[in-house]
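**Q** Dropping the structure in here first, questions after.
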Amino acid sequence: MDGTFPDSPILQRVKDLLGEDGFARTFAPLEEASGLPNAAYWSDEWLALEKEHCFRRSWVFAGAAAELPEPGDMKPIEIGGAPLIILCDHDRQIRALHNVCRHRGAKLVTEPCQKRTLTCPYHAWVYGLNGKLRSRPHFNGPNITDTFKDGGGDKLDLIEARCEVWNGCVFVNVSGDAEPLLDWLAPLMERTPGYDFNAIRWAGKLEFEVNANWKLVYENYMEGYHVFAVHPKLLDFAPMNVRWSGEWDRHVFYNDYVFPALGEGRGDSLPHYPGLSQADAKRGLWFLCFPHFAAEVFPDQFTVLVSYPIAPDKTREELHVFLIGDAATSDDHATARTALMQMWDDLNREDLGMLELLQQGRLSPAYDGGRLSPHWEGPTHDFGRRVVERILT
Ligand code: FES
Ligand SMILES: [Fe+2]
């Protein structure tokens, strides 16, 4: 990525927002480069571009299928600014529907809930869980209810978004034209041939809200440079000398380490992947499938960290933990599960404070994107460039 893009109105807009200098520094060779300019962390217009190009055009993690175990279970979610509903249909298929009534456009679902049909709160149009319109009271006059046996067709049924489930992880692609999900996940799969992901089961999730830009979550997630200063327990488990910068393979960032001994919440007391090799039993791997699906693979778990932008300086994070087989739910493993969730909660909270400092620092006119460590921060820097590239291509 050298910062050369075909001339276009959007390129000009990007340069206006980031500044010619900031744009050029972002794409300079790493030794001279800076991170993205402050505007990329504070501008509403910039965030709108990211939502459209990074989030709507990609696969986005929308939750765990296990959050919607019964027909009629549903939850609202916003992806790239688009309100959607993820639900479990009568045939237990997980679907994504645009969360907007075809009549006057009321949002249909505002809270996780369980319902047999979707009834609009405004004029009570009723839709099935498959999105098809079923009835329309009083539409053609008082006390006349139109009913629809096979839905109302293209103009009246709720609009479905592309949705696929991979081992209990629900992914949605709003634009509908992203590559096949398994192609998108392929760089992760190719690095993990010894792991039987069919064995993972959802054990629960943690939620966080942070007053920082969504990109900072991942810029922080990728680099192990801050571990010695911010994460004392993690440093004990995996010291600096087992760490490296990681690297990008196509659109997927990859990093790993071999840890000296199993540690609390990482391989010490919960069952491992079936058939895992001895070498993999002492490895931690972490991935970021651009833009926001971050997954950490330890011998006993598959843990997902995703962030959803709310505003330039506000982000919702979810951390979903998947364990091996019945470790996810059985009473025998309840204590170890609680300890594991606590470990993730503590670790993530250590980062949240730093993210807010990074966000605040980007209010300073004296900050120009900073100087980056060529040893640790090449891939981190590349993340910002990928955001720009995605907007422009
Ligand atoms: S807006 Fe939904 S029924 Fe009128
Ligand atoms: Fe961290």
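Residues in the structure tokens are named by chain (A, B, ... in the order shown) and by number from 1 within that chain; ligands are numbered from 1 in the order shown.
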Identify, on the basis of only C-alpha atoms, every residue whose closest approach to Phe322 in chain A does not exceed 12 Å; exclude the query and any residue fewer than 2 positions from it along the same chain; express the result as a ChimeraX atom specification.

**A** /A:63-66,167-169,197-205,270-273,295-305,319-320,324-329,337,340-341

**Q** Report the closest atom pair, with its distance in Å rounded to one decimal, for each residue of range 190-222 of chain A that has an atom no farther than 10 Å from range 346-354 of chain A; count only C-alpha atoms, sort by chain and then rising residue number, and write it as a tab-separated table.

**A**
```
residue	atom	partner	partner_atom	distance
A:Leu206	CA	A:Asn348	CA	9.8
A:Phe208	CA	A:Arg349	CA	8.6
A:Glu209	CA	A:Leu352	CA	8.8
A:Val210	CA	A:Leu352	CA	6.4
A:Asn211	CA	A:Leu352	CA	8.4
A:Ala212	CA	A:Leu352	CA	8.4
A:Leu216	CA	A:Met354	CA	9.5
A:Val217	CA	A:Leu352	CA	8.3
A:Asn220	CA	A:Asp351	CA	7.8
A:Tyr221	CA	A:Asp351	CA	8.8
```

**Q** Measuring between only C-alpha atoms, which one of A:Ser277, A:Asn130, A:Asn241, A:Ser8 shows the shortest distance to Tyr257 in chain A?

**A**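 Checking each of A:Ser277, A:Asn130, A:Asn241, A:Ser8 against Tyr257 in chain A, counting only C-alpha atoms, the winner is A:Asn241.
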
**Q** Find the residue from A:Thr147, A:Thr335, A:Gln93, A:Ser175 that sits nearest to Glu52 in chain A; use only C-alpha atoms when measuring.

**A**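 Counting only C-alpha atoms, the residue closest to Glu52 in chain A is A:Ser175.
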
**Q** Extract, using only C-alpha atoms, all DNA, RNA and protein residues at most 8 Å from Cys120 in chain A, discarding same-chain residues fewer than 2 positions from it, and format them as number ranges by chain.

**A** A: 101, 106-108, 118, 122-126

**Q** Write to file, as an mmCIF file, in the first residue's frame, the residues of the selection just made, with N, CA, C and O atoms.

**A**
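Written output follows (selection-v6.cif):
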```cif
data_model
loop_
_atom_site.group_PDB
_atom_site.id
_atom_site.type_symbol
_atom_site.label_atom_id
_atom_site.label_comp_id
_atom_site.auth_asym_id
_atom_site.auth_seq_id
_atom_site.Cartn_x
_atom_site.Cartn_y
_atom_site.Cartn_z
ATOM 1 N N CYS A 101 -40.067 -1.187 9.300
ATOM 2 C CA CYS A 101 -41.369 -1.532 8.738
ATOM 3 C C CYS A 101 -41.481 -0.992 7.316
ATOM 4 O O CYS A 101 -41.049 0.128 7.021
ATOM 5 N N ALA A 106 -41.135 2.575 10.651
ATOM 6 C CA ALA A 106 -40.835 2.494 12.083
ATOM 7 C C ALA A 106 -39.845 1.342 12.334
ATOM 8 O O ALA A 106 -39.918 0.302 11.677
ATOM 9 N N LYS A 107 -38.960 1.569 13.281
ATOM 10 C CA LYS A 107 -38.086 0.475 13.723
ATOM 11 C C LYS A 107 -38.961 -0.526 14.464
ATOM 12 O O LYS A 107 -39.818 -0.150 15.279
ATOM 13 N N LEU A 108 -38.751 -1.804 14.217
ATOM 14 C CA LEU A 108 -39.683 -2.810 14.729
ATOM 15 C C LEU A 108 -39.299 -3.359 16.096
ATOM 16 O O LEU A 108 -40.150 -3.588 16.943
ATOM 17 N N LEU A 118 -43.657 -10.554 14.133
ATOM 18 C CA LEU A 118 -43.148 -9.195 14.310
ATOM 19 C C LEU A 118 -44.298 -8.238 14.026
ATOM 20 O O LEU A 118 -44.784 -8.178 12.887
ATOM 21 N N TYR A 122 -46.468 0.824 15.277
ATOM 22 C CA TYR A 122 -47.126 2.064 14.829
ATOM 23 C C TYR A 122 -48.545 1.800 14.303
ATOM 24 O O TYR A 122 -49.511 2.315 14.826
ATOM 25 N N HIS A 123 -48.698 0.988 13.241
ATOM 26 C CA HIS A 123 -50.045 0.699 12.722
ATOM 27 C C HIS A 123 -50.311 -0.802 12.672
ATOM 28 O O HIS A 123 -51.192 -1.269 11.959
ATOM 29 N N ALA A 124 -49.462 -1.549 13.418
ATOM 30 C CA ALA A 124 -49.720 -2.976 13.653
ATOM 31 C C ALA A 124 -49.724 -3.848 12.409
ATOM 32 O O ALA A 124 -50.487 -4.814 12.329
ATOM 33 N N TRP A 125 -48.909 -3.528 11.428
ATOM 34 C CA TRP A 125 -48.687 -4.506 10.366
ATOM 35 C C TRP A 125 -47.981 -5.709 11.016
ATOM 36 O O TRP A 125 -47.079 -5.529 11.855
ATOM 37 N N VAL A 126 -48.360 -6.895 10.574
ATOM 38 C CA VAL A 126 -47.798 -8.100 11.197
ATOM 39 C C VAL A 126 -46.973 -8.867 10.162
ATOM 40 O O VAL A 126 -47.443 -9.137 9.052
#
```

**Q** Point out the residue among A:Leu133, A:Leu392, A:Gln359, A:Asp345 with the least atom-to-atom distance to Ala40 in chain A, counting only C-alpha atoms.

**A**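 Using only C-alpha atoms, the shortest distance to Ala40 in chain A belongs to A:Gln359.
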
**Q** From the list A:His103, A:Arg283, A:Lys75, A:Arg13, which residue is nearest Tyr195 in chain A when using only C-alpha atoms?

**A**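 Among the listed residues, the smallest separation from Tyr195 in chain A belongs to A:Arg283.
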
**Q** Using only C-alpha atoms, which residues sit within 12 Å of Asp183 in chain A once same-chain residues fewer than 4 positions away are excluded, as a PDB file with N, CA, C and O atoms, in the first residue's frame?

**A**
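selection.pdb, freshly written:
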```pdb
ATOM      1  N   TRP A  59     -18.178  -8.877   5.984  1.00  0.00           N
ATOM      2  CA  TRP A  59     -18.825  -9.732   6.969  1.00  0.00           C
ATOM      3  C   TRP A  59     -18.593  -9.118   8.343  1.00  0.00           C
ATOM      4  O   TRP A  59     -17.473  -8.693   8.661  1.00  0.00           O
ATOM      5  N   ALA A 178     -20.212  -9.318  -0.321  1.00  0.00           N
ATOM      6  CA  ALA A 178     -18.899  -9.746   0.195  1.00  0.00           C
ATOM      7  C   ALA A 178     -18.598 -11.148  -0.342  1.00  0.00           C
ATOM      8  O   ALA A 178     -19.504 -11.870  -0.779  1.00  0.00           O
ATOM      9  N   GLU A 179     -17.327 -11.537  -0.274  1.00  0.00           N
ATOM     10  CA  GLU A 179     -16.957 -12.887  -0.727  1.00  0.00           C
ATOM     11  C   GLU A 179     -17.676 -13.937   0.135  1.00  0.00           C
ATOM     12  O   GLU A 179     -18.154 -13.618   1.220  1.00  0.00           O
ATOM     13  N   PRO A 187      -7.952 -17.328   5.659  1.00  0.00           N
ATOM     14  CA  PRO A 187      -6.611 -17.119   6.218  1.00  0.00           C
ATOM     15  C   PRO A 187      -6.503 -17.550   7.686  1.00  0.00           C
ATOM     16  O   PRO A 187      -5.448 -18.008   8.128  1.00  0.00           O
ATOM     17  N   LEU A 188      -7.593 -17.423   8.434  1.00  0.00           N
ATOM     18  CA  LEU A 188      -7.613 -17.895   9.831  1.00  0.00           C
ATOM     19  C   LEU A 188      -7.561 -19.427   9.864  1.00  0.00           C
ATOM     20  O   LEU A 188      -6.774 -20.027  10.608  1.00  0.00           O
ATOM     21  N   MET A 189      -8.357 -20.044   9.023  1.00  0.00           N
ATOM     22  CA  MET A 189      -8.404 -21.520   8.988  1.00  0.00           C
ATOM     23  C   MET A 189      -7.051 -22.117   8.595  1.00  0.00           C
ATOM     24  O   MET A 189      -6.630 -23.149   9.129  1.00  0.00           O
ATOM     25  N   GLU A 190      -6.409 -21.446   7.648  1.00  0.00           N
ATOM     26  CA  GLU A 190      -5.139 -22.007   7.149  1.00  0.00           C
ATOM     27  C   GLU A 190      -4.059 -21.993   8.224  1.00  0.00           C
ATOM     28  O   GLU A 190      -3.119 -22.782   8.179  1.00  0.00           O
ATOM     29  N   ARG A 250      -3.291 -11.443   3.603  1.00  0.00           N
ATOM     30  CA  ARG A 250      -4.478 -10.912   2.927  1.00  0.00           C
ATOM     31  C   ARG A 250      -5.207  -9.934   3.867  1.00  0.00           C
ATOM     32  O   ARG A 250      -4.553  -9.075   4.425  1.00  0.00           O
ATOM     33  N   HIS A 251      -6.505 -10.118   4.139  1.00  0.00           N
ATOM     34  CA  HIS A 251      -7.235  -9.153   4.973  1.00  0.00           C
ATOM     35  C   HIS A 251      -7.266  -9.599   6.436  1.00  0.00           C
ATOM     36  O   HIS A 251      -8.053  -9.085   7.224  1.00  0.00           O
ATOM     37  N   VAL A 252      -6.425 -10.577   6.790  1.00  0.00           N
ATOM     38  CA  VAL A 252      -6.463 -11.110   8.160  1.00  0.00           C
ATOM     39  C   VAL A 252      -5.128 -10.877   8.855  1.00  0.00           C
ATOM     40  O   VAL A 252      -4.074 -11.296   8.358  1.00  0.00           O
ATOM     41  N   CYS A 289      -9.938 -10.482  11.481  1.00  0.00           N
ATOM     42  CA  CYS A 289     -10.454 -10.516  10.118  1.00  0.00           C
ATOM     43  C   CYS A 289     -11.066  -9.137   9.870  1.00  0.00           C
ATOM     44  O   CYS A 289     -12.076  -8.782  10.487  1.00  0.00           O
TER      45      CYS A 289
END
```

**Q** Within 12 Å of Pro29 in chain A, counting only C-alpha atoms, which residues qualify if same-chain residues fewer than 2 places away don't, as a list in words?

**A**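 After dropping sequence-adjacent residues, the list is Met1, Asp2, Gly3, Ala24, Arg25, Thr26, Phe27, Glu31, Glu32, Ala33, Ser34, Gly35, Arg371, Leu372, Pro374, Gly378, His381, Asp382 and Arg385 of chain A.
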
**Q** Using only C-alpha atoms and all ligand atoms, which of A:Asp196, A:Glu219, A:Asp89, A:Glu247 sits nearest ligand 2?

**A** A:Glu219
